[in-house]
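Okay, model_32.pdb now, which holds PDB, N, CA and C atoms:
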MODEL        1
ATOM      1  N   MET M   1      19.644  -0.187  -5.913
ATOM      2  CA  MET M   1      18.530  -0.130  -4.989
ATOM      3  C   MET M   1      17.316  -0.852  -5.567
ATOM      4  N   ILE M   2      16.939  -0.521  -6.780
ATOM      5  CA  ILE M   2      15.757  -1.144  -7.379
ATOM      6  C   ILE M   2      16.016  -2.619  -7.688
ATOM      7  N   LEU M   3      17.262  -2.959  -8.027
ATOM      8  CA  LEU M   3      17.581  -4.365  -8.284
ATOM      9  C   LEU M   3      17.470  -5.201  -7.015
ATOM     10  N   ASN M   4      17.856  -4.633  -5.888
ATOM     11  CA  ASN M   4      17.703  -5.349  -4.615
ATOM     12  C   ASN M   4      16.228  -5.605  -4.313
ATOM     13  N   TYR M   5      15.414  -4.607  -4.545
ATOM     14  CA  TYR M   5      13.973  -4.735  -4.315
ATOM     15  C   TYR M   5      13.390  -5.844  -5.194
ATOM     16  N   LEU M   6      13.747  -5.855  -6.473
ATOM     17  CA  LEU M   6      13.245  -6.883  -7.394
ATOM     18  C   LEU M   6      13.807  -8.262  -7.047
ATOM     19  N   PHE M   7      15.074  -8.325  -6.649
ATOM     20  CA  PHE M   7      15.668  -9.601  -6.273
ATOM     21  C   PHE M   7      14.975 -10.190  -5.046
ATOM     22  N   ILE M   8      14.689  -9.365  -4.072
ATOM     23  CA  ILE M   8      13.970  -9.848  -2.885
ATOM     24  C   ILE M   8      12.580 -10.337  -3.285
ATOM     25  N   GLY M   9      11.922  -9.652  -4.222
ATOM     26  CA  GLY M   9      10.618 -10.095  -4.704
ATOM     27  C   GLY M   9      10.689 -11.444  -5.393
ATOM     28  N   VAL M  10      11.722 -11.665  -6.188
ATOM     29  CA  VAL M  10      11.897 -12.955  -6.870
ATOM     30  C   VAL M  10      12.152 -14.063  -5.856
ATOM     31  N   VAL M  11      13.013 -13.796  -4.888
ATOM     32  CA  VAL M  11      13.297 -14.785  -3.845
ATOM     33  C   VAL M  11      12.042 -15.074  -3.027
ATOM     34  N   PHE M  12      11.284 -14.044  -2.711
ATOM     35  CA  PHE M  12      10.045 -14.225  -1.956
ATOM     36  C   PHE M  12       9.065 -15.126  -2.712
ATOM     37  N   MET M  13       8.897 -14.884  -3.998
ATOM     38  CA  MET M  13       7.965 -15.711  -4.777
ATOM     39  C   MET M  13       8.488 -17.140  -4.933
ATOM     40  N   PHE M  14       9.808 -17.314  -4.993
ATOM     41  CA  PHE M  14      10.385 -18.655  -5.035
ATOM     42  C   PHE M  14      10.067 -19.417  -3.750
ATOM     43  N   VAL M  15      10.198 -18.742  -2.621
ATOM     44  CA  VAL M  15       9.881 -19.372  -1.330
ATOM     45  C   VAL M  15       8.398 -19.727  -1.259
ATOM     46  N   ILE M  16       7.537 -18.833  -1.740
ATOM     47  CA  ILE M  16       6.097 -19.104  -1.750
ATOM     48  C   ILE M  16       5.798 -20.332  -2.599
ATOM     49  N   ASP M  17       6.412 -20.437  -3.776
ATOM     50  CA  ASP M  17       6.204 -21.600  -4.641
ATOM     51  C   ASP M  17       6.692 -22.881  -3.975
ATOM     52  N   CYS M  18       7.851 -22.818  -3.335
ATOM     53  CA  CYS M  18       8.379 -24.010  -2.661
ATOM     54  C   CYS M  18       7.458 -24.465  -1.530
ATOM     55  N   ILE M  19       6.978 -23.529  -0.747
ATOM     56  CA  ILE M  19       6.062 -23.875   0.342
ATOM     57  C   ILE M  19       4.763 -24.450  -0.214
ATOM     58  N   HIS M  20       4.270 -23.856  -1.288
ATOM     59  CA  HIS M  20       3.022 -24.338  -1.873
ATOM     60  C   HIS M  20       3.176 -25.763  -2.399
ATOM     61  N   TYR M  21       4.260 -26.060  -3.084
ATOM     62  CA  TYR M  21       4.452 -27.402  -3.619
ATOM     63  C   TYR M  21       4.753 -28.421  -2.521
ATOM     64  N   TYR M  22       5.409 -27.987  -1.451
ATOM     65  CA  TYR M  22       5.715 -28.892  -0.355
ATOM     66  C   TYR M  22       4.452 -29.292   0.418
ATOM     67  N   PHE M  23       3.556 -28.321   0.646
ATOM     68  CA  PHE M  23       2.342 -28.570   1.419
ATOM     69  C   PHE M  23       1.107 -28.747   0.537
ATOM     70  N   TYR M  24       1.288 -29.063  -0.731
ATOM     71  CA  TYR M  24       0.156 -29.141  -1.667
ATOM     72  C   TYR M  24      -0.892 -30.163  -1.220
ATOM     73  N   ASP M  25      -0.478 -31.260  -0.621
ATOM     74  CA  ASP M  25      -1.417 -32.299  -0.192
ATOM     75  C   ASP M  25      -2.012 -32.043   1.187
ATOM     76  N   HIS M  26      -1.571 -31.018   1.865
ATOM     77  CA  HIS M  26      -2.076 -30.716   3.205
ATOM     78  C   HIS M  26      -3.523 -30.235   3.117
ATOM     79  N   GLN M  27      -4.289 -30.548   4.114
ATOM     80  CA  GLN M  27      -5.710 -30.213   4.148
ATOM     81  C   GLN M  27      -5.965 -28.706   4.040
ATOM     82  N   ALA M  28      -5.119 -27.898   4.638
ATOM     83  CA  ALA M  28      -5.313 -26.448   4.621
ATOM     84  C   ALA M  28      -5.089 -25.843   3.235
ATOM     85  N   PHE M  29      -4.354 -26.530   2.368
ATOM     86  CA  PHE M  29      -4.025 -25.991   1.057
ATOM     87  C   PHE M  29      -4.913 -26.540  -0.054
ATOM     88  N   ASN M  30      -5.941 -27.295   0.263
ATOM     89  CA  ASN M  30      -6.805 -27.875  -0.769
ATOM     90  C   ASN M  30      -7.542 -26.823  -1.580
ATOM     91  N   LYS M  31      -7.910 -25.713  -0.980
ATOM     92  CA  LYS M  31      -8.710 -24.696  -1.662
ATOM     93  C   LYS M  31      -7.855 -23.624  -2.350
ATOM     94  N   ILE M  32      -6.541 -23.687  -2.205
ATOM     95  CA  ILE M  32      -5.657 -22.677  -2.783
ATOM     96  C   ILE M  32      -5.204 -23.134  -4.156
ATOM     97  N   LYS M  33      -5.411 -22.286  -5.156
ATOM     98  CA  LYS M  33      -4.975 -22.640  -6.500
ATOM     99  C   LYS M  33      -3.544 -22.182  -6.734
ATOM    100  N   ILE M  34      -2.914 -22.762  -7.727
ATOM    101  CA  ILE M  34      -1.532 -22.440  -8.058
ATOM    102  C   ILE M  34      -1.474 -21.050  -8.681
ATOM    103  N   LEU M  35      -0.478 -20.266  -8.304
ATOM    104  CA  LEU M  35      -0.326 -18.918  -8.830
ATOM    105  C   LEU M  35       0.153 -18.947 -10.277
ATOM    106  N   GLY M  36      -0.446 -18.096 -11.095
ATOM    107  CA  GLY M  36      -0.016 -17.947 -12.480
ATOM    108  C   GLY M  36       1.063 -16.884 -12.592
ATOM    109  N   TRP M  37       1.510 -16.638 -13.818
ATOM    110  CA  TRP M  37       2.574 -15.660 -14.023
ATOM    111  C   TRP M  37       2.149 -14.248 -13.660
ATOM    112  N   LYS M  38       0.896 -13.901 -13.926
ATOM    113  CA  LYS M  38       0.428 -12.554 -13.589
ATOM    114  C   LYS M  38       0.508 -12.305 -12.092
ATOM    115  N   GLU M  39       0.029 -13.273 -11.317
ATOM    116  CA  GLU M  39       0.062 -13.137  -9.869
ATOM    117  C   GLU M  39       1.488 -13.106  -9.346
ATOM    118  N   LYS M  40       2.372 -13.914  -9.940
ATOM    119  CA  LYS M  40       3.767 -13.939  -9.500
ATOM    120  C   LYS M  40       4.461 -12.606  -9.768
ATOM    121  N   VAL M  41       4.191 -12.009 -10.917
ATOM    122  CA  VAL M  41       4.816 -10.722 -11.247
ATOM    123  C   VAL M  41       4.304  -9.631 -10.307
ATOM    124  N   VAL M  42       3.001  -9.596 -10.086
ATOM    125  CA  VAL M  42       2.438  -8.574  -9.198
ATOM    126  C   VAL M  42       2.963  -8.755  -7.774
ATOM    127  N   CYS M  43       2.989  -9.977  -7.288
ATOM    128  CA  CYS M  43       3.500 -10.212  -5.932
ATOM    129  C   CYS M  43       4.992  -9.917  -5.842
ATOM    130  N   GLY M  44       5.725 -10.160  -6.933
ATOM    131  CA  GLY M  44       7.143  -9.824  -6.945
ATOM    132  C   GLY M  44       7.383  -8.332  -6.849
ATOM    133  N   LEU M  45       6.453  -7.547  -7.369
ATOM    134  CA  LEU M  45       6.597  -6.097  -7.324
ATOM    135  C   LEU M  45       6.113  -5.492  -6.010
ATOM    136  N   ILE M  46       5.077  -6.077  -5.425
ATOM    137  CA  ILE M  46       4.552  -5.550  -4.158
ATOM    138  C   ILE M  46       4.758  -6.567  -3.031
ATOM    139  N   TRP M  47       5.947  -7.149  -2.975
ATOM    140  CA  TRP M  47       6.219  -8.233  -2.057
ATOM    141  C   TRP M  47       6.067  -7.888  -0.574
ATOM    142  N   PRO M  48       6.277  -6.666  -0.109
ATOM    143  CA  PRO M  48       6.069  -6.443   1.334
ATOM    144  C   PRO M  48       4.610  -6.662   1.752
ATOM    145  N   ILE M  49       3.688  -6.205   0.926
ATOM    146  CA  ILE M  49       2.268  -6.415   1.227
ATOM    147  C   ILE M  49       1.915  -7.882   1.061
ATOM    148  N   ALA M  50       2.427  -8.487   0.000
ATOM    149  CA  ALA M  50       2.154  -9.901  -0.242
ATOM    150  C   ALA M  50       2.726 -10.776   0.866
ATOM    151  N   MET M  51       3.883 -10.415   1.398
ATOM    152  CA  MET M  51       4.476 -11.194   2.483
ATOM    153  C   MET M  51       3.611 -11.134   3.734
ATOM    154  N   PHE M  52       3.085  -9.975   4.063
ATOM    155  CA  PHE M  52       2.209  -9.840   5.226
ATOM    156  C   PHE M  52       0.938 -10.674   5.053
ATOM    157  N   VAL M  53       0.315 -10.609   3.884
ATOM    158  CA  VAL M  53      -0.905 -11.375   3.621
ATOM    159  C   VAL M  53      -0.617 -12.868   3.671
ATOM    160  N   PHE M  54       0.494 -13.299   3.070
ATOM    161  CA  PHE M  54       0.834 -14.717   3.071
ATOM    162  C   PHE M  54       1.092 -15.237   4.475
ATOM    163  N   LYS M  55       1.877 -14.503   5.260
ATOM    164  CA  LYS M  55       2.164 -14.943   6.627
ATOM    165  C   LYS M  55       0.886 -15.075   7.445
ATOM    166  N   THR M  56       0.011 -14.105   7.321
ATOM    167  CA  THR M  56      -1.241 -14.138   8.074
ATOM    168  C   THR M  56      -2.088 -15.335   7.670
ATOM    169  N   ALA M  57      -2.266 -15.542   6.375
ATOM    170  CA  ALA M  57      -3.093 -16.658   5.899
ATOM    171  C   ALA M  57      -2.446 -18.009   6.229
ATOM    172  N   PHE M  58      -1.135 -18.104   6.081
ATOM    173  CA  PHE M  58      -0.443 -19.351   6.358
ATOM    174  C   PHE M  58      -0.550 -19.735   7.826
ATOM    175  N   LEU M  59      -0.335 -18.784   8.708
ATOM    176  CA  LEU M  59      -0.418 -19.080  10.130
ATOM    177  C   LEU M  59      -1.839 -19.413  10.569
ATOM    178  N   LYS M  60      -2.828 -18.741  10.001
ATOM    179  CA  LYS M  60      -4.214 -19.061  10.326
ATOM    180  C   LYS M  60      -4.549 -20.478   9.879
ATOM    181  N   ALA M  61      -4.136 -20.847   8.670
ATOM    182  CA  ALA M  61      -4.437 -22.177   8.150
ATOM    183  C   ALA M  61      -3.642 -23.261   8.869
ATOM    184  N   TYR M  62      -2.411 -22.954   9.225
ATOM    185  CA  TYR M  62      -1.546 -23.955   9.844
ATOM    186  C   TYR M  62      -1.961 -24.261  11.278
ATOM    187  N   PHE M  63      -2.358 -23.251  12.026
ATOM    188  CA  PHE M  63      -2.713 -23.443  13.430
ATOM    189  C   PHE M  63      -4.213 -23.600  13.653
ATOM    190  N   LYS M  64      -4.964 -23.792  12.618
ATOM    191  CA  LYS M  64      -6.413 -23.947  12.736
ATOM    192  C   LYS M  64      -6.781 -25.277  13.328
TER     193      LYS M  64
ENDMDL
END

Just dump the structure as structure tokens.
Amino acid sequence: MILNYLFIGVVFMFVIDCIHYYFYDHQAFNKIKILGWKEKVVCGLIWPIAMFVFKTAFLKAYFK
């Protein structure tokens, strides 16, 4: 059970990194800094909250 939770957190942070590197040159991502290891570990542990915040911010920036 706990391994599934951690695995989903790792996959979630991998997807976030891929999206960030893919859209790094986009105008909406100019003010966003690259996540460090501390932020990645915390987001990996609390990924449901982080996923909600990311989706909200991404959609606001993308459709602005």

- Message: Expand the PyMOL selection byres (((chain M and resi 47 and name CA) around 9) and name CA) into the explicit residue set it covers here, and present it as an MDAnalysis selection string.
- Response: chainID M and resid 5:6 8:10 12:13 42:46 48:52

Those same residues, written as a CSV table (one decimal), in the coordinates of the input with N, CA and C atoms?
chain,number,residue,atom,x,y,z
M,5,TYR,N,15.4,-4.6,-4.5
M,5,TYR,CA,14.0,-4.7,-4.3
M,5,TYR,C,13.4,-5.8,-5.2
M,6,LEU,N,13.7,-5.9,-6.5
M,6,LEU,CA,13.2,-6.9,-7.4
M,6,LEU,C,13.8,-8.3,-7.0
M,8,ILE,N,14.7,-9.4,-4.1
M,8,ILE,CA,14.0,-9.8,-2.9
M,8,ILE,C,12.6,-10.3,-3.3
M,9,GLY,N,11.9,-9.7,-4.2
M,9,GLY,CA,10.6,-10.1,-4.7
M,9,GLY,C,10.7,-11.4,-5.4
M,10,VAL,N,11.7,-11.7,-6.2
M,10,VAL,CA,11.9,-13.0,-6.9
M,10,VAL,C,12.2,-14.1,-5.9
M,12,PHE,N,11.3,-14.0,-2.7
M,12,PHE,CA,10.0,-14.2,-2.0
M,12,PHE,C,9.1,-15.1,-2.7
M,13,MET,N,8.9,-14.9,-4.0
M,13,MET,CA,8.0,-15.7,-4.8
M,13,MET,C,8.5,-17.1,-4.9
M,42,VAL,N,3.0,-9.6,-10.1
M,42,VAL,CA,2.4,-8.6,-9.2
M,42,VAL,C,3.0,-8.8,-7.8
M,43,CYS,N,3.0,-10.0,-7.3
M,43,CYS,CA,3.5,-10.2,-5.9
M,43,CYS,C,5.0,-9.9,-5.8
M,44,GLY,N,5.7,-10.2,-6.9
M,44,GLY,CA,7.1,-9.8,-6.9
M,44,GLY,C,7.4,-8.3,-6.8
M,45,LEU,N,6.5,-7.5,-7.4
M,45,LEU,CA,6.6,-6.1,-7.3
M,45,LEU,C,6.1,-5.5,-6.0
M,46,ILE,N,5.1,-6.1,-5.4
M,46,ILE,CA,4.6,-5.6,-4.2
M,46,ILE,C,4.8,-6.6,-3.0
M,48,PRO,N,6.3,-6.7,-0.1
M,48,PRO,CA,6.1,-6.4,1.3
M,48,PRO,C,4.6,-6.7,1.8
M,49,ILE,N,3.7,-6.2,0.9
M,49,ILE,CA,2.3,-6.4,1.2
M,49,ILE,C,1.9,-7.9,1.1
M,50,ALA,N,2.4,-8.5,0.0
M,50,ALA,CA,2.2,-9.9,-0.2
M,50,ALA,C,2.7,-10.8,0.9
M,51,MET,N,3.9,-10.4,1.4
M,51,MET,CA,4.5,-11.2,2.5
M,51,MET,C,3.6,-11.1,3.7
M,52,PHE,N,3.1,-10.0,4.1
M,52,PHE,CA,2.2,-9.8,5.2
M,52,PHE,C,0.9,-10.7,5.1

- Message: Could you go through chain M and tell me which residues DSSP, when run on the backbone, assigns to helix (DSSP H, G or I), listing them as an MDAnalysis selection string?
- Response: chainID M and resid 2:22 27:29 37:45 47:62

Please save N, CA and C atoms of the selected residues as a short mmCIF file (atom, residue, chain, number, x, y, z; two decimals), in the coordinates of the input.
data_model
loop_
_atom_site.label_atom_id
_atom_site.label_comp_id
_atom_site.auth_asym_id
_atom_site.auth_seq_id
_atom_site.Cartn_x
_atom_site.Cartn_y
_atom_site.Cartn_z
N ILE M 2 16.94 -0.52 -6.78
CA ILE M 2 15.76 -1.14 -7.38
C ILE M 2 16.02 -2.62 -7.69
N LEU M 3 17.26 -2.96 -8.03
CA LEU M 3 17.58 -4.36 -8.28
C LEU M 3 17.47 -5.20 -7.02
N ASN M 4 17.86 -4.63 -5.89
CA ASN M 4 17.70 -5.35 -4.62
C ASN M 4 16.23 -5.60 -4.31
N TYR M 5 15.41 -4.61 -4.54
CA TYR M 5 13.97 -4.74 -4.32
C TYR M 5 13.39 -5.84 -5.19
N LEU M 6 13.75 -5.86 -6.47
CA LEU M 6 13.24 -6.88 -7.39
C LEU M 6 13.81 -8.26 -7.05
N PHE M 7 15.07 -8.32 -6.65
CA PHE M 7 15.67 -9.60 -6.27
C PHE M 7 14.98 -10.19 -5.05
N ILE M 8 14.69 -9.36 -4.07
CA ILE M 8 13.97 -9.85 -2.88
C ILE M 8 12.58 -10.34 -3.28
N GLY M 9 11.92 -9.65 -4.22
CA GLY M 9 10.62 -10.10 -4.70
C GLY M 9 10.69 -11.44 -5.39
N VAL M 10 11.72 -11.66 -6.19
CA VAL M 10 11.90 -12.96 -6.87
C VAL M 10 12.15 -14.06 -5.86
N VAL M 11 13.01 -13.80 -4.89
CA VAL M 11 13.30 -14.78 -3.84
C VAL M 11 12.04 -15.07 -3.03
N PHE M 12 11.28 -14.04 -2.71
CA PHE M 12 10.04 -14.22 -1.96
C PHE M 12 9.06 -15.13 -2.71
N MET M 13 8.90 -14.88 -4.00
CA MET M 13 7.96 -15.71 -4.78
C MET M 13 8.49 -17.14 -4.93
N PHE M 14 9.81 -17.31 -4.99
CA PHE M 14 10.38 -18.66 -5.04
C PHE M 14 10.07 -19.42 -3.75
N VAL M 15 10.20 -18.74 -2.62
CA VAL M 15 9.88 -19.37 -1.33
C VAL M 15 8.40 -19.73 -1.26
N ILE M 16 7.54 -18.83 -1.74
CA ILE M 16 6.10 -19.10 -1.75
C ILE M 16 5.80 -20.33 -2.60
N ASP M 17 6.41 -20.44 -3.78
CA ASP M 17 6.20 -21.60 -4.64
C ASP M 17 6.69 -22.88 -3.98
N CYS M 18 7.85 -22.82 -3.34
CA CYS M 18 8.38 -24.01 -2.66
C CYS M 18 7.46 -24.46 -1.53
N ILE M 19 6.98 -23.53 -0.75
CA ILE M 19 6.06 -23.88 0.34
C ILE M 19 4.76 -24.45 -0.21
N HIS M 20 4.27 -23.86 -1.29
CA HIS M 20 3.02 -24.34 -1.87
C HIS M 20 3.18 -25.76 -2.40
N TYR M 21 4.26 -26.06 -3.08
CA TYR M 21 4.45 -27.40 -3.62
C TYR M 21 4.75 -28.42 -2.52
N TYR M 22 5.41 -27.99 -1.45
CA TYR M 22 5.72 -28.89 -0.36
C TYR M 22 4.45 -29.29 0.42
N GLN M 27 -4.29 -30.55 4.11
CA GLN M 27 -5.71 -30.21 4.15
C GLN M 27 -5.96 -28.71 4.04
N ALA M 28 -5.12 -27.90 4.64
CA ALA M 28 -5.31 -26.45 4.62
C ALA M 28 -5.09 -25.84 3.24
N PHE M 29 -4.35 -26.53 2.37
CA PHE M 29 -4.03 -25.99 1.06
C PHE M 29 -4.91 -26.54 -0.05
N TRP M 37 1.51 -16.64 -13.82
CA TRP M 37 2.57 -15.66 -14.02
C TRP M 37 2.15 -14.25 -13.66
N LYS M 38 0.90 -13.90 -13.93
CA LYS M 38 0.43 -12.55 -13.59
C LYS M 38 0.51 -12.30 -12.09
N GLU M 39 0.03 -13.27 -11.32
CA GLU M 39 0.06 -13.14 -9.87
C GLU M 39 1.49 -13.11 -9.35
N LYS M 40 2.37 -13.91 -9.94
CA LYS M 40 3.77 -13.94 -9.50
C LYS M 40 4.46 -12.61 -9.77
N VAL M 41 4.19 -12.01 -10.92
CA VAL M 41 4.82 -10.72 -11.25
C VAL M 41 4.30 -9.63 -10.31
N VAL M 42 3.00 -9.60 -10.09
CA VAL M 42 2.44 -8.57 -9.20
C VAL M 42 2.96 -8.76 -7.77
N CYS M 43 2.99 -9.98 -7.29
CA CYS M 43 3.50 -10.21 -5.93
C CYS M 43 4.99 -9.92 -5.84
N GLY M 44 5.72 -10.16 -6.93
CA GLY M 44 7.14 -9.82 -6.94
C GLY M 44 7.38 -8.33 -6.85
N LEU M 45 6.45 -7.55 -7.37
CA LEU M 45 6.60 -6.10 -7.32
C LEU M 45 6.11 -5.49 -6.01
N TRP M 47 5.95 -7.15 -2.98
CA TRP M 47 6.22 -8.23 -2.06
C TRP M 47 6.07 -7.89 -0.57
N PRO M 48 6.28 -6.67 -0.11
CA PRO M 48 6.07 -6.44 1.33
C PRO M 48 4.61 -6.66 1.75
N ILE M 49 3.69 -6.20 0.93
CA ILE M 49 2.27 -6.42 1.23
C ILE M 49 1.92 -7.88 1.06
N ALA M 50 2.43 -8.49 0.00
CA ALA M 50 2.15 -9.90 -0.24
C ALA M 50 2.73 -10.78 0.87
N MET M 51 3.88 -10.42 1.40
CA MET M 51 4.48 -11.19 2.48
C MET M 51 3.61 -11.13 3.73
N PHE M 52 3.08 -9.98 4.06
CA PHE M 52 2.21 -9.84 5.23
C PHE M 52 0.94 -10.67 5.05
N VAL M 53 0.32 -10.61 3.88
CA VAL M 53 -0.90 -11.38 3.62
C VAL M 53 -0.62 -12.87 3.67
N PHE M 54 0.49 -13.30 3.07
CA PHE M 54 0.83 -14.72 3.07
C PHE M 54 1.09 -15.24 4.47
N LYS M 55 1.88 -14.50 5.26
CA LYS M 55 2.16 -14.94 6.63
C LYS M 55 0.89 -15.08 7.44
N THR M 56 0.01 -14.10 7.32
CA THR M 56 -1.24 -14.14 8.07
C THR M 56 -2.09 -15.34 7.67
N ALA M 57 -2.27 -15.54 6.38
CA ALA M 57 -3.09 -16.66 5.90
C ALA M 57 -2.45 -18.01 6.23
N PHE M 58 -1.14 -18.10 6.08
CA PHE M 58 -0.44 -19.35 6.36
C PHE M 58 -0.55 -19.74 7.83
N LEU M 59 -0.34 -18.78 8.71
CA LEU M 59 -0.42 -19.08 10.13
C LEU M 59 -1.84 -19.41 10.57
N LYS M 60 -2.83 -18.74 10.00
CA LYS M 60 -4.21 -19.06 10.33
C LYS M 60 -4.55 -20.48 9.88
N ALA M 61 -4.14 -20.85 8.67
CA ALA M 61 -4.44 -22.18 8.15
C ALA M 61 -3.64 -23.26 8.87
N TYR M 62 -2.41 -22.95 9.22
CA TYR M 62 -1.55 -23.96 9.84
C TYR M 62 -1.96 -24.26 11.28
#

- Item | Straight-line distance linking atom N of M:Val11 with atom N of M:Asp25, stated in Å to one decimal |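 Distance reported for this atom pair: 22.5 Å.
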
- Query: Interatomic distance between atom CA of M:Ala57 and atom CA of M:Tyr22?
  - Reply: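 Between atom CA of M:Ala57 and atom CA of M:Tyr22 the gap works out to 16.3 Å.
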
- Note on the structure: Atom pair atom CA of M:Asn4 + atom CA of M:Lys33, distance 28.6 Å

Mind working out the centre and edge lengths of an axis-aligned box for stretch 43-48 of chain M, all listed atoms inside, 8 Å added to each side, rounded to one decimal in Å and written as lines of an AutoDock Vina configuration file?
center_x = 5.2
center_y = -7.9
center_z = -2.8
size_x = 20.4
size_y = 20.7
size_z = 25.1

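For the residues M:Ile34, M:Phe23, M:Lys40, M:Ala28, ranking by smallest atom-to-atom distance to M:Tyr62 using all atoms listed in the file places M:Ala28 first.
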